[in-house]
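Student: Below is one structure. I have some questions about it.
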Amino acid sequence: MTAYLIRRLLLIIPTFLGITIMAFTITRFVPGGPIERMIAEARMQKTGLSSTRPLAGDQTQPLSEEQIQELKKYYGFDKPILVSYFFWLGKVLTGDLGVSTRYYDPVWDMIRDRIPISLYFGSISLLLVYGVCIPLGITKAIRHKTQFDNISSIIVFIGYAIPGWVVGVLLLIIFASQWEIFPLGGFVSDDFQDMTVFGKVWDLILHTILPLIAYMVGSFTVMTFLMKNTLMDHLASDYVRTAIAKGLSFESAVFRHALRNSLIPMATHFGNNISLILMGSFLIEKVFNINGMGLLGYESVVERDYPVVMGILVISSFLFMVGNILSDICVAIVDPRVTFE
Amino acid sequence: MNQGDILRVDNLVTSFDTEFGRLRAVDQVSFTLGKGRTLGVVGESGCGKSVTALSIMRLLPKPSGVIESGEIRFHGEDITKISNVEMRRIRGKKISMIFQEPMTALNPVHKIGKQIQEVFQLHFPEMGKQETMQNVVRSLKDVGIPDPEKRINEYPHQISGGMRQRVMIAMALACRPDILIADEPTTALDVTIQAQILELMDRLKKEINMSVIFITHDLGVIADICDDVLVMYAGNVVETAPVFSLFEDPKHPYTQGLLSSIPRLETPRKTRLPIIEGMVPSIQELPQGCRFQNRCPDVMEICRAQSPEMTVVGQDHSARCYLYSNP
């Protein structure tokens with residue numbers, strides 16, 4: 001077990017190098033970067049245009065060649081890719097993710113501010129997904145093809161067919177704009193600081209419900225049907241028949257025998273869900289104007305803020321790999337046939 | 001019902017609701033099982049032997065399988081009529097069952113000891129923890145599992161197929177049942193293990209003085225361990241007899257065909273083995289009259305017109321054939 005875990009942890013290193021080299025190289029070749037933005041900004045100042053987008057046919061170069069070279073040097077673009085990659089990696093290993101090219105804030109500070117928000121939504125939706133999908137899946141499997149099963153399937157599939165952020169928009173239109181039950185967005189209200197403790201909690205809850213629904217909609221369906229279908233497979237299995245032949249009631253056979261076997265695929269998903277949940281979903285965060293990791297990642301890609309892109313990638317790929325190992329451990333806990341050797 | 005009979009099945013009809021409508025997998029099956037006797041049920045795949053067994057246990061797949069009519073009298077009581085709760089007290093305690101596939105019949109995520117222990121907990125809830133564990137170890141010892149104290153902490157995947165079938169037998173016999181239904185218990189095992197398991201079942205049967213319903217398609221096994229035989233074809237019983245008279249003097253053309261298609265030591269080499277021509281009719285399209293008519297070498301006019309009834313042809317020996325009865 002220990003030997004296996006050490007081996008898996010060591011395997012993180014080459015995987016991590018692979019992911020980051022790929023991403024780093026891509027950032028070099030994608031058009032539009034900090035230098036281009038500088039040029040655009042300079043041009044804007046010169047011409048007084050309000051748009052940062054250069055007009056077609058506008059070929060005037062506002063910066064001199066020396067200035068551009070200086071900028072390239074500043075951002076490390078003058079060196080070959082591998083050299084600047086290892087320079088960046090060396091800094092990452094000392095815990096320095098660099099400085100945002102847009103806000104000039106340390107990347108780590110920017111990410112650290114967002115983590116609690118993503119963690120908040122992530123852990124609640126993880127709890128709810130497992131807490132609701134497992135019982136719902138069990139009920140649907142036992143009452144297969146009854147009215148309850150059919151109706152809940154329709155609802156769940158509609159939810160699956162609509163992307164989470166569209167659900168978010170719909171929810172906002174109906175419950176925040178039409179009926180004004182919930183706030184339009186944000187993580188807390190503007191006057192949050194002046195509220196009583198109870199008021200703060202209530203405010204937070206009101207701001208949480210709609211985004212949470214949007215977050216859960218997709219994985220909810222997958223997990224419910226994963227639970228239902230695996231349980232149905234196991235209900236038809238020989239060992240459940242053996243259990244009933246022993247004298248167990250059908251219900252006891254489900255809960256004592258079939259259930260644990262059906263949790264194995266659920267456990268496989270667990271680790272992946274952890275990394276997904278911490279990283280949030282940028283589209284949903286955009287819709288609800290929540291400053292989570294997802295939104296940060298989205299904006300940094302759009303604005304070509306490469307240090308932030310790379311910083312988020314470092315953290316998310318690391319989480320993803322740790323999540324995979326966690327999944328394996330979860331599976332080993334529920335399935336005795338799986339051993340680490 | 002005779003004094004010595006422990007189980008009596010009368011005109012059992014079991015049907016399945018399928019996309020082709022309601023189909024009778026078991027049609028008018030009747031037989032009796034004497035105390036301490038072993039009844040062999042033989043027939044081709046799909047002839048209704050397993051469905052008969054599952055009907056007795058009331059383990060038919062729900063909701064498609066139903067006992068349509070007929071009686072199953074266990075100690076004189078019709079168990080098709082009793083409540084589910086009462087049936088649960090019979091299952092595993094009075095009537096037990098073992099299955100064909102020892103590889104999948106045990107729960108892969110529970111230890112062997114726990115799976116056997118569950119039987120005692122269910123049927124003897126007053127039994128203390130220590131006593132239960134002693135009984136678990138004893139029941140594993142009874143079926144010839146070495147090191148039972150160690151085995152109880154192992155998982156099914158850690159032991160061989162033969163050992164697993166022994167565990168299944170230990171589980172089925174834990175409460176010393178009156179009847180053991182064995183549904184092809186040795187089919188999935190190799191021949192040496194098969195012989196060991198048969199020997200074990202025979203020994204335990206005598207020790208506990210229980211009755212056994214042994215389902216198989218292997219006539220050799222029937223000859224080996226059974227007292228009485230029930231031959232089934234396409235959902236019907238076609239012949240029933242004590243094992244000796246069945247092998248000595250088979251009456252129904254189907255039984256005759258089955259017996260003559262067994263290779264024997266005295267048959268000269270390179271002769272063709274006799275076979276029964278044709279295929280079993282599927283239960284969706286049963287012919288009018290006798291179900292064996294399309295394969296029967298002695299088929300007559302009457303066989304195509306109406307179905308024969310069971311006719312007494314000797315001591316405890318009946319066959320469903322017009323060769324022995326006048327309609």
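Residues in the structure tokens are named by chain (A, B, ... in the order shown) and by number from 1 within that chain; ligands are numbered from 1 in the order shown.
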For chain B, which residues have at least one atom within 6 Å of chain A, if we go by only C-alpha atoms? Write them as a PDB file with C-alpha atoms, in the first residue's frame, please.
Tutor:
```pdb
ATOM      1  CA  ARG B  88     -38.701 -15.630   4.548  1.00  0.00           C
ATOM      2  CA  ARG B  91     -36.114 -19.727   2.953  1.00  0.00           C
ATOM      3  CA  GLY B  92     -32.651 -20.581   4.166  1.00  0.00           C
ATOM      4  CA  THR B 104     -20.930 -15.026  -8.735  1.00  0.00           C
ATOM      5  CA  ALA B 105     -23.252 -16.446  -6.094  1.00  0.00           C
ATOM      6  CA  LEU B 106     -21.240 -15.010  -3.205  1.00  0.00           C
ATOM      7  CA  ASN B 107     -21.073 -11.301  -2.492  1.00  0.00           C
ATOM      8  CA  VAL B 109     -17.264  -7.405  -0.967  1.00  0.00           C
TER       9      VAL B 109
END
```
Student: I want to know what sits within 8 Å of Gln165 (chain B), based on only C-alpha atoms, with residues of the same chain fewer than 4 positions away left out; could you give that as a PyMOL selection string?
Tutor: chain B and resi 102+161+169+185+197
Student: Please provide as a compact mmCIF listing (two decimals) with N, CA and C atoms, in the first residue's frame all residues within 8 Å of Lys286 (chain A), with the sequence filter that same-chain residues fewer than 4 positions apart are discarded (counting only C-alpha atoms).
Tutor:
```txt
# COMPACT_ATOMS: atom_id res chain seq x y z
N PHE A 282 -16.21 28.35 -14.91
CA PHE A 282 -16.10 29.78 -15.19
C PHE A 282 -17.39 30.36 -15.77
N ILE A 290 -19.67 35.65 -9.69
CA ILE A 290 -19.00 35.19 -8.47
C ILE A 290 -17.51 35.14 -8.77
N LEU A 295 -13.84 31.91 -12.79
CA LEU A 295 -13.88 33.21 -13.44
C LEU A 295 -12.47 33.77 -13.63
```
Student: Find, counting only C-alpha atoms, the residue in B:Arg176, B:Glu101, B:Thr132, B:Val26 that gets nearest to Arg164 (chain B).
Tutor: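 Once distances to Arg164 (chain B) are computed over only C-alpha atoms, the minimum belongs to B:Glu101.
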Student: Please provide the set of residues having any atom within 10 Å of Ile312 (chain A), restricted to only C-alpha atoms, with same-chain residues fewer than 6 positions apart removed, written as a PyMOL selection string.
Tutor: chain A and resi 97+107-108+111+279+293-294+296-297+300+306+318
Student: Region 144-270 of chain A: which residues are helix (DSSP H, G or I) by DSSP, as a PyMOL selection string?
Tutor: chain A and resi 147-161+164-178+192-194+197-235+238-246+250-270
Student: Take the residues just selected and output them with C-alpha atoms as a compact mmCIF listing (two decimals), in the first residue's frame.
Tutor:
```txt
# COMPACT_ATOMS: atom_id res chain seq x y z
CA GLN A 147 -44.45 6.74 -11.90
CA PHE A 148 -41.91 8.13 -9.44
CA ASP A 149 -39.05 6.75 -11.52
CA ASN A 150 -40.43 8.01 -14.82
CA ILE A 151 -41.20 11.51 -13.64
CA SER A 152 -37.90 11.99 -11.85
CA SER A 153 -36.08 10.67 -14.94
CA ILE A 154 -37.75 13.27 -17.12
CA ILE A 155 -36.81 16.10 -14.75
CA VAL A 156 -33.25 14.87 -14.33
CA PHE A 157 -32.75 14.45 -18.08
CA ILE A 158 -34.07 17.91 -18.85
CA GLY A 159 -31.51 19.19 -16.38
CA TYR A 160 -28.82 17.19 -18.13
CA ALA A 161 -29.77 18.43 -21.57
CA GLY A 164 -25.40 24.57 -16.24
CA TRP A 165 -24.81 28.18 -17.23
CA VAL A 166 -28.00 28.25 -19.31
CA VAL A 167 -29.87 26.93 -16.30
CA GLY A 168 -28.20 29.75 -14.36
CA VAL A 169 -29.43 32.37 -16.81
CA LEU A 170 -32.94 30.91 -16.75
CA LEU A 171 -32.96 30.83 -12.96
CA LEU A 172 -31.82 34.43 -12.82
CA ILE A 173 -34.51 35.56 -15.25
CA ILE A 174 -37.25 33.72 -13.38
CA PHE A 175 -36.29 33.98 -9.73
CA ALA A 176 -34.15 37.10 -9.58
CA SER A 177 -35.61 39.33 -12.27
CA GLN A 178 -39.23 38.26 -12.68
CA PHE A 192 -22.78 42.54 4.00
CA GLN A 193 -20.41 44.10 6.55
CA ASP A 194 -23.23 45.96 8.32
CA VAL A 197 -24.76 37.34 12.10
CA PHE A 198 -28.14 35.91 11.24
CA GLY A 199 -28.54 38.41 8.42
CA LYS A 200 -25.11 37.49 7.06
CA VAL A 201 -25.94 33.79 7.04
CA TRP A 202 -29.29 34.44 5.36
CA ASP A 203 -27.67 36.73 2.80
CA LEU A 204 -25.09 34.07 2.01
CA ILE A 205 -27.76 31.40 1.63
CA LEU A 206 -29.80 33.59 -0.73
CA HIS A 207 -26.71 34.19 -2.84
CA THR A 208 -25.82 30.50 -2.81
CA ILE A 209 -28.98 28.73 -3.90
CA LEU A 210 -29.24 29.68 -7.57
CA PRO A 211 -25.56 29.21 -8.47
CA LEU A 212 -25.55 25.95 -6.55
CA ILE A 213 -28.41 24.59 -8.63
CA ALA A 214 -26.59 25.59 -11.80
CA TYR A 215 -23.40 23.96 -10.52
CA MET A 216 -25.10 20.68 -9.68
CA VAL A 217 -27.39 20.23 -12.67
CA GLY A 218 -24.89 18.36 -14.85
CA SER A 219 -23.14 16.06 -12.41
CA PHE A 220 -26.45 15.43 -10.65
CA THR A 221 -27.85 13.49 -13.60
CA VAL A 222 -24.69 11.53 -14.20
CA MET A 223 -24.38 10.47 -10.58
CA THR A 224 -28.09 9.64 -10.17
CA PHE A 225 -28.13 7.42 -13.20
CA LEU A 226 -24.77 5.90 -12.38
CA MET A 227 -26.19 4.95 -9.01
CA LYS A 228 -29.49 3.71 -10.41
CA ASN A 229 -28.04 1.63 -13.22
CA THR A 230 -25.26 0.01 -11.25
CA LEU A 231 -27.68 -0.84 -8.45
CA MET A 232 -30.12 -2.35 -10.95
CA ASP A 233 -27.33 -4.49 -12.37
CA HIS A 234 -26.47 -5.68 -8.91
CA LEU A 235 -30.10 -6.32 -7.97
CA ASP A 238 -26.57 -13.98 -8.39
CA TYR A 239 -25.35 -12.97 -4.97
CA VAL A 240 -28.47 -10.90 -4.30
CA ARG A 241 -30.53 -13.96 -5.19
CA THR A 242 -28.34 -15.95 -2.77
CA ALA A 243 -29.00 -13.37 -0.07
CA ILE A 244 -32.76 -13.63 -0.58
CA ALA A 245 -32.51 -17.42 -0.67
CA LYS A 246 -30.85 -17.17 2.76
CA PHE A 250 -35.55 -7.76 -0.57
CA GLU A 251 -34.88 -4.47 1.21
CA SER A 252 -32.17 -5.95 3.43
CA ALA A 253 -30.61 -7.63 0.43
CA VAL A 254 -30.45 -4.23 -1.28
CA PHE A 255 -28.90 -2.40 1.63
CA ARG A 256 -26.64 -5.12 3.01
CA HIS A 257 -25.45 -6.62 -0.24
CA ALA A 258 -26.18 -4.76 -3.46
CA LEU A 259 -25.51 -1.23 -2.21
CA ARG A 260 -21.86 -1.55 -1.32
CA ASN A 261 -21.08 -3.14 -4.66
CA SER A 262 -22.90 -0.35 -6.45
CA LEU A 263 -20.87 2.30 -4.64
CA ILE A 264 -17.68 1.18 -6.36
CA PRO A 265 -18.20 3.27 -9.53
CA MET A 266 -19.38 6.18 -7.38
CA ALA A 267 -16.11 6.01 -5.50
CA THR A 268 -14.21 6.07 -8.77
CA HIS A 269 -15.73 9.45 -9.53
CA PHE A 270 -14.99 10.90 -6.13
```
Student: Using only C-alpha atoms, which residues sit within 12 Å of Pro297 (chain B) once same-chain residues fewer than 6 positions away are excluded, as a list of chain:residue names?
Tutor: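 Once the nearby chain positions are removed, what remains is B:His252, B:Pro253, B:Tyr254, B:Gln256, B:Gly257, B:Ile275, B:Ile276, B:Glu277, B:Gly278, B:Cys303, B:Leu323.
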Student: Measuring atom to atom with only C-alpha atoms, identify which of A:Ala40, A:Leu326, A:Ile68, A:Ile115 is nearest to Asn273 (chain A).
Tutor: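 The closest residue to Asn273 (chain A) is A:Leu326.
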Student: Excluding region 47-51 of chain B and its own-chain neighbours fewer than 5 positions away, which residues fall within 8 Å of it when counting only C-alpha atoms? Please give them as a VMD selection string.
Tutor: chain B and resid 14 25 to 26 41 to 42 60 183 215 232 to 236
Student: Nearest to Leu23 (chain B): which of B:Asp178, B:Glu285, B:Glu44, B:Asp78 is it, counting only C-alpha atoms?
Tutor: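 Of all the options, B:Glu285 lies closest to Leu23 (chain B).
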Student: Which residues in region 39-267 of chain B does DSSP call strand (DSSP E)? List them as number ranges by chain.
Tutor: B: 39-42, 65-74, 77-78, 95-98, 179-183, 211-216, 228-233, 236-242
Student: Between CA of Ala172 (chain B) and CA of Ser15 (chain B), what distance in Å does the model show, to one decimal?
Tutor: 26.9 Å
Student: Using Å and a single decimal, report how far CA of Tyr120 (chain A) sits from CA of Thr20 (chain A).
Tutor: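 Between these atoms lies a distance of 27.3 Å.
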